[in-house]
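Engineer: I have a structure I would like to understand better, so I am pasting it below and will then ask my questions one at a time.
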Amino acid sequence: MTIPHLSAADGTTLPAIGLGTYQLNGSAGVDAIGHAIRAGYRLLDSAVNYENEGAVGRAARDAGDVRDELIVTSKLPGRHHGHDAALAAIEESVFRTGLDRIDLYLIHWPNPKADRYVQAWRALIEARERGLVRHIGLANFLPEHIDRLVAETGVAPVVNQIEVHPYFPQQEALDYHREQGILVQGWSPLGHGNDLRQHPVIAEIAAAHGVSTAQTILAWHVARQVIPLPKAASPQRQIENLDVFDVTLTTDQVEAITALGRPDGRLSDQDPAVYEEF
């Protein structure tokens, strides 16, 4: 299966869909991630705090000839935001994966009250210069955080991974990132523990296209140029989630799903302006 790619301002390209690997751990995680690679996934999302960099790395190493096509991702936790601590953490991430480098490394949260994310960003820049990582980006950063990083370092991220789903569509954020040439990845793209996949608006659109409600939501992300990162352990669900690029929603259908957005639409009230994670 051929997956389209999206391009950042600096020419970096990323697959238009990826695999979320949270809770895919140990041997079972290696098996699930390995199947996803064989099914066609090339973007694998992980993090230090997921405690599965080893499983992701093992699956990538076992991928053989397609290793160079993979974008293995990890993320720096808040407890390592100091410059030297961040560099050591990145080195440990590379060691845990067993790979010669990590393809995409992100700062997991800005933690603005701690106010060390600029130090962390300088460490990511240095790690890229040293060849520890190929590309660098962010997760859960607000525009004001990104503007500060660019102003103080002159280096923009290639991607920002943020919460995006129909109950929290983030249109203003998408507009900002598009203007800046920063790609957007969406975490929890199908919602988590809510009723999104049973919503009558989505069910009606799914029926019109003869696809599942999950595929409909993922097609909505694709139409908005958001890179969704659905987590799936079962081979059937992995394949279903990939099979969305022939689902072409109309403008009205995209707008109808976007209109489901709510002021309190965040899944866990994790506002990056105040939320901190270590």
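The chains in the structure tokens are called A, B, ... from first to last as shown; in each chain the residues are counted from 1, and the ligands are counted from 1 in the order shown.
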Would you pick out the contacts of Ile17 in chain A at 9 Å or less, using only C-alpha atoms, so that residues sharing its chain but fewer than 3 positions from it are not included, and give the list as a PyMOL selection string?
Structural biologist: chain A and resi 3-5+14+41-43+185+218+222+226-230+241-242
Engineer: Could you write out the selected residues, including C-alpha atoms, as a PDB file, in the first residue's frame?
Structural biologist:
ATOM      1  CA  ILE A   3       0.999   6.094   1.572  1.00  0.00           C
ATOM      2  CA  PRO A   4       1.148   9.748   0.480  1.00  0.00           C
ATOM      3  CA  HIS A   5       3.663  12.079   2.119  1.00  0.00           C
ATOM      4  CA  LEU A  14       6.525  12.456   6.522  1.00  0.00           C
ATOM      5  CA  TYR A  41       3.193   1.704   8.053  1.00  0.00           C
ATOM      6  CA  ARG A  42       6.392   3.700   7.823  1.00  0.00           C
ATOM      7  CA  LEU A  43       5.896   6.239  10.633  1.00  0.00           C
ATOM      8  CA  GLN A 185       0.521  15.116  13.709  1.00  0.00           C
ATOM      9  CA  LEU A 218      -9.161   9.265   9.684  1.00  0.00           C
ATOM     10  CA  VAL A 222      -6.237  13.373   5.888  1.00  0.00           C
ATOM     11  CA  VAL A 226      -3.223  16.301   9.720  1.00  0.00           C
ATOM     12  CA  ILE A 227      -1.074  13.173  10.106  1.00  0.00           C
ATOM     13  CA  PRO A 228      -3.144  10.882  12.362  1.00  0.00           C
ATOM     14  CA  LEU A 229      -1.400   8.427  14.679  1.00  0.00           C
ATOM     15  CA  PRO A 230      -4.037   5.811  15.512  1.00  0.00           C
ATOM     16  CA  ASN A 241      -6.817   2.321   9.503  1.00  0.00           C
ATOM     17  CA  LEU A 242      -4.378   2.424   6.600  1.00  0.00           C
TER      18      LEU A 242
END
Engineer: Find the residues around Leu138 in chain A up to 7 Å (only C-alpha atoms counted), leave out those fewer than 2 positions away in its own chain, and share them as a list of chain:residue names.
Structural biologist: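 That gives A:Leu106, A:Ile107, A:His108, A:Asn140, A:Phe141, A:Pro157, A:Val159, A:Asn160, A:Gln161.
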Engineer: Hey, could you make a per-residue contact list for range 100-164 of chain A against range 186-196 of chain A with 8 Å as the cut-off, showing the nearest pair of atoms and its distance in Å to one decimal, counting only C-alpha atoms, sorted by chain and number, as a tab-separated table?
Structural biologist:
residue	atom	partner	partner_atom	distance
A:Gln161	CA	A:Gly186	CA	5.7
A:Ile162	CA	A:Gly186	CA	5.3
A:Glu163	CA	A:Trp187	CA	5.0
A:Val164	CA	A:Gly186	CA	4.9
Engineer: Write out as a ChimeraX atom specification the residues lying within 9 Å of Pro166 in chain A, counting only C-alpha atoms and excluding same-chain residues fewer than 6 positions away.
Structural biologist: /A:189-191,196,217,220-221,257-262,265
Engineer: Quick one: residues within 12 Å of Val66 in chain A, only C-alpha atoms, excluding same-chain residues fewer than 5 positions away - as a PyMOL selection string?
Structural biologist: chain A and resi 34+37-43+59-61+71-72
Engineer: Take the residues from that selection and put them in a file with C-alpha atoms, as an mmCIF file, in the first residue's frame.
Structural biologist:
data_model
loop_
_atom_site.group_PDB
_atom_site.id
_atom_site.type_symbol
_atom_site.label_atom_id
_atom_site.label_comp_id
_atom_site.auth_asym_id
_atom_site.auth_seq_id
_atom_site.Cartn_x
_atom_site.Cartn_y
_atom_site.Cartn_z
ATOM 1 C CA GLY A 34 6.242 -5.716 13.034
ATOM 2 C CA ILE A 37 5.425 -2.397 9.169
ATOM 3 C CA ARG A 38 4.612 -5.335 6.904
ATOM 4 C CA ALA A 39 1.139 -3.863 6.335
ATOM 5 C CA GLY A 40 2.718 -0.631 5.086
ATOM 6 C CA TYR A 41 3.193 1.704 8.053
ATOM 7 C CA ARG A 42 6.392 3.700 7.823
ATOM 8 C CA LEU A 43 5.896 6.239 10.633
ATOM 9 C CA ALA A 59 10.647 -4.186 15.188
ATOM 10 C CA ALA A 60 12.492 -1.605 13.074
ATOM 11 C CA ARG A 61 15.689 -3.653 13.110
ATOM 12 C CA ILE A 71 10.490 7.182 10.555
ATOM 13 C CA VAL A 72 11.123 5.922 14.081
#
Engineer: Among range 94-204 of chain A, which residues does DSSP mark as strand (DSSP E or B) when it is run on the backbone? Keep the chain and numbering as in the structure and answer as a list in words.
Structural biologist: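 Selecting the strand (DSSP E or B) positions of range 94-204 of chain A gives Ile102, Asp103, Leu104, Tyr105, Leu106, Ile107, Val133, Arg134, His135, Ile136, Gly137, Leu138, Ala139, Val159, Asn160, Gln161, Ile162, Glu163, His165, Phe168, Leu183, Val184, Gln185, Gly186 and Trp187 of chain A.
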Engineer: If you count only C-alpha atoms, which residues fall within 10 Å of range 206-208 of chain A, apart from same-chain ones fewer than 6 positions away, as a ChimeraX atom specification?
Structural biologist: /A:197,200,214-217,247,249
Engineer: Give me, as a ChimeraX atom specification, the residues of range 8-61 of chain A that a backbone DSSP run labels helix (DSSP H, G or I).
Structural biologist: /A:26-39,48-50,53-61
Engineer: With a distance cut-off of 10 Å and only C-alpha atoms, select the neighbouring residues of Ser74 in chain A, excluding the residue or stretch itself and same-chain residues fewer than 2 positions from it, and output the selection as a ChimeraX atom specification.
Structural biologist: /A:44-50,52-53,56,71-72,76-77,90,93-94,97,102-108,133,136
Engineer: Determine, counting only C-alpha atoms, which protein, DNA and RNA residues have an atom within 12 Å of an atom of His81 in chain A; residues of the same chain fewer than 4 positions away are not included. Present the result as a list of chain:residue names.
Structural biologist: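 Contacts, with the query itself left out: A:Lys75, A:Leu76, A:Pro77, A:Ala85, A:Ala86, A:Leu87, A:Ala88, A:Ala89, A:Ile90, A:Leu106, A:Ile107, A:His108, A:Trp109, A:Pro110, A:Asn111, A:Pro112, A:Ala114, A:Asp115, A:Arg116, A:Tyr117, A:Val118, A:Gln119, A:Ala120, A:Trp121, A:Arg122, A:Ala123, A:Leu124, A:Glu277, A:Phe278.
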Engineer: Would you save the residues of that selection, restricted to N, CA, C and O atoms, as a compact mmCIF listing (two decimals), in the first residue's frame?
Structural biologist:
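Output file result18.txt is given in full below:
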# COMPACT_ATOMS: atom_id res chain seq x y z
N LYS A 75 10.31 10.75 22.04
CA LYS A 75 10.03 12.07 22.62
C LYS A 75 10.74 12.21 23.97
O LYS A 75 10.78 11.28 24.77
N LEU A 76 11.23 13.42 24.19
CA LEU A 76 11.96 13.76 25.41
C LEU A 76 10.98 14.14 26.52
O LEU A 76 10.16 15.03 26.35
N PRO A 77 11.07 13.48 27.69
CA PRO A 77 10.18 13.83 28.80
C PRO A 77 10.64 15.09 29.53
O PRO A 77 11.82 15.46 29.48
N ALA A 85 21.15 17.09 30.36
CA ALA A 85 20.28 15.94 30.65
C ALA A 85 19.54 15.50 29.39
O ALA A 85 19.34 14.30 29.16
N ALA A 86 19.14 16.47 28.57
CA ALA A 86 18.42 16.15 27.33
C ALA A 86 19.32 15.38 26.37
O ALA A 86 18.90 14.38 25.76
N LEU A 87 20.57 15.82 26.23
CA LEU A 87 21.49 15.11 25.34
C LEU A 87 21.72 13.68 25.80
O LEU A 87 21.71 12.74 24.99
N ALA A 88 21.90 13.50 27.11
CA ALA A 88 22.09 12.15 27.63
C ALA A 88 20.85 11.30 27.40
O ALA A 88 20.94 10.11 27.07
N ALA A 89 19.66 11.89 27.57
CA ALA A 89 18.42 11.15 27.37
C ALA A 89 18.26 10.73 25.91
O ALA A 89 17.79 9.62 25.62
N ILE A 90 18.65 11.61 25.00
CA ILE A 90 18.56 11.27 23.57
C ILE A 90 19.52 10.13 23.25
O ILE A 90 19.17 9.17 22.53
N LEU A 106 11.19 14.41 19.33
CA LEU A 106 10.34 15.52 19.71
C LEU A 106 10.51 15.85 21.19
O LEU A 106 10.86 14.98 21.99
N ILE A 107 10.23 17.09 21.57
CA ILE A 107 10.05 17.44 22.98
C ILE A 107 8.60 17.13 23.30
O ILE A 107 7.69 17.65 22.65
N HIS A 108 8.36 16.30 24.31
CA HIS A 108 7.02 15.76 24.53
C HIS A 108 6.00 16.82 24.98
O HIS A 108 4.85 16.82 24.50
N TRP A 109 6.37 17.69 25.90
CA TRP A 109 5.51 18.79 26.38
C TRP A 109 6.39 20.00 26.66
O TRP A 109 7.54 19.85 27.09
N PRO A 110 5.86 21.21 26.49
CA PRO A 110 6.68 22.40 26.76
C PRO A 110 6.94 22.65 28.24
O PRO A 110 7.96 23.24 28.60
N ASN A 111 6.01 22.24 29.11
CA ASN A 111 6.16 22.50 30.55
C ASN A 111 6.57 23.96 30.81
O ASN A 111 7.64 24.25 31.34
N PRO A 112 5.72 24.92 30.44
CA PRO A 112 6.11 26.33 30.47
C PRO A 112 6.43 26.87 31.86
O PRO A 112 7.24 27.79 31.99
N ALA A 114 8.07 25.30 34.21
CA ALA A 114 9.48 24.93 34.44
C ALA A 114 10.40 25.77 33.58
O ALA A 114 11.55 26.06 33.96
N ASP A 115 9.94 26.14 32.38
CA ASP A 115 10.63 27.08 31.48
C ASP A 115 12.04 26.62 31.12
O ASP A 115 13.00 27.39 31.19
N ARG A 116 12.15 25.36 30.72
CA ARG A 116 13.44 24.86 30.26
C ARG A 116 13.36 24.32 28.84
O ARG A 116 14.30 23.66 28.37
N TYR A 117 12.25 24.61 28.14
CA TYR A 117 12.08 23.99 26.82
C TYR A 117 13.03 24.57 25.77
O TYR A 117 13.35 23.88 24.80
N VAL A 118 13.51 25.80 25.97
CA VAL A 118 14.50 26.33 25.03
C VAL A 118 15.82 25.58 25.19
O VAL A 118 16.48 25.23 24.19
N GLN A 119 16.21 25.29 26.43
CA GLN A 119 17.40 24.46 26.65
C GLN A 119 17.25 23.11 25.97
O GLN A 119 18.19 22.59 25.33
N ALA A 120 16.08 22.51 26.14
CA ALA A 120 15.83 21.20 25.53
C ALA A 120 15.93 21.28 24.01
O ALA A 120 16.49 20.39 23.37
N TRP A 121 15.38 22.36 23.45
CA TRP A 121 15.41 22.51 21.99
C TRP A 121 16.85 22.66 21.49
O TRP A 121 17.23 22.08 20.46
N ARG A 122 17.67 23.41 22.22
CA ARG A 122 19.08 23.53 21.83
C ARG A 122 19.76 22.16 21.86
O ARG A 122 20.61 21.86 21.02
N ALA A 123 19.38 21.31 22.81
CA ALA A 123 19.95 19.97 22.87
C ALA A 123 19.52 19.13 21.67
O ALA A 123 20.32 18.38 21.11
N LEU A 124 18.25 19.26 21.26
CA LEU A 124 17.80 18.53 20.08
C LEU A 124 18.54 18.99 18.83
O LEU A 124 18.89 18.17 17.97
N GLU A 277 4.09 17.66 32.25
CA GLU A 277 4.30 16.23 32.35
C GLU A 277 5.80 15.96 32.41
O GLU A 277 6.56 16.51 31.62
N PHE A 278 6.18 15.12 33.32
CA PHE A 278 7.60 14.86 33.53
C PHE A 278 7.98 13.41 33.30
O PHE A 278 9.12 13.08 33.13
Engineer: For His83 in chain A, which of A:Ala256, A:Ala127, A:Thr250, A:Ala203 is the closest residue, counting only C-alpha atoms?
Structural biologist: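 Nearest to His83 in chain A: A:Ala127.
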Engineer: One decimal, in Å: what's the spacing between CA of Gly57 in chain A and CA of Gly98 in chain A?
Structural biologist: 6.0 Å
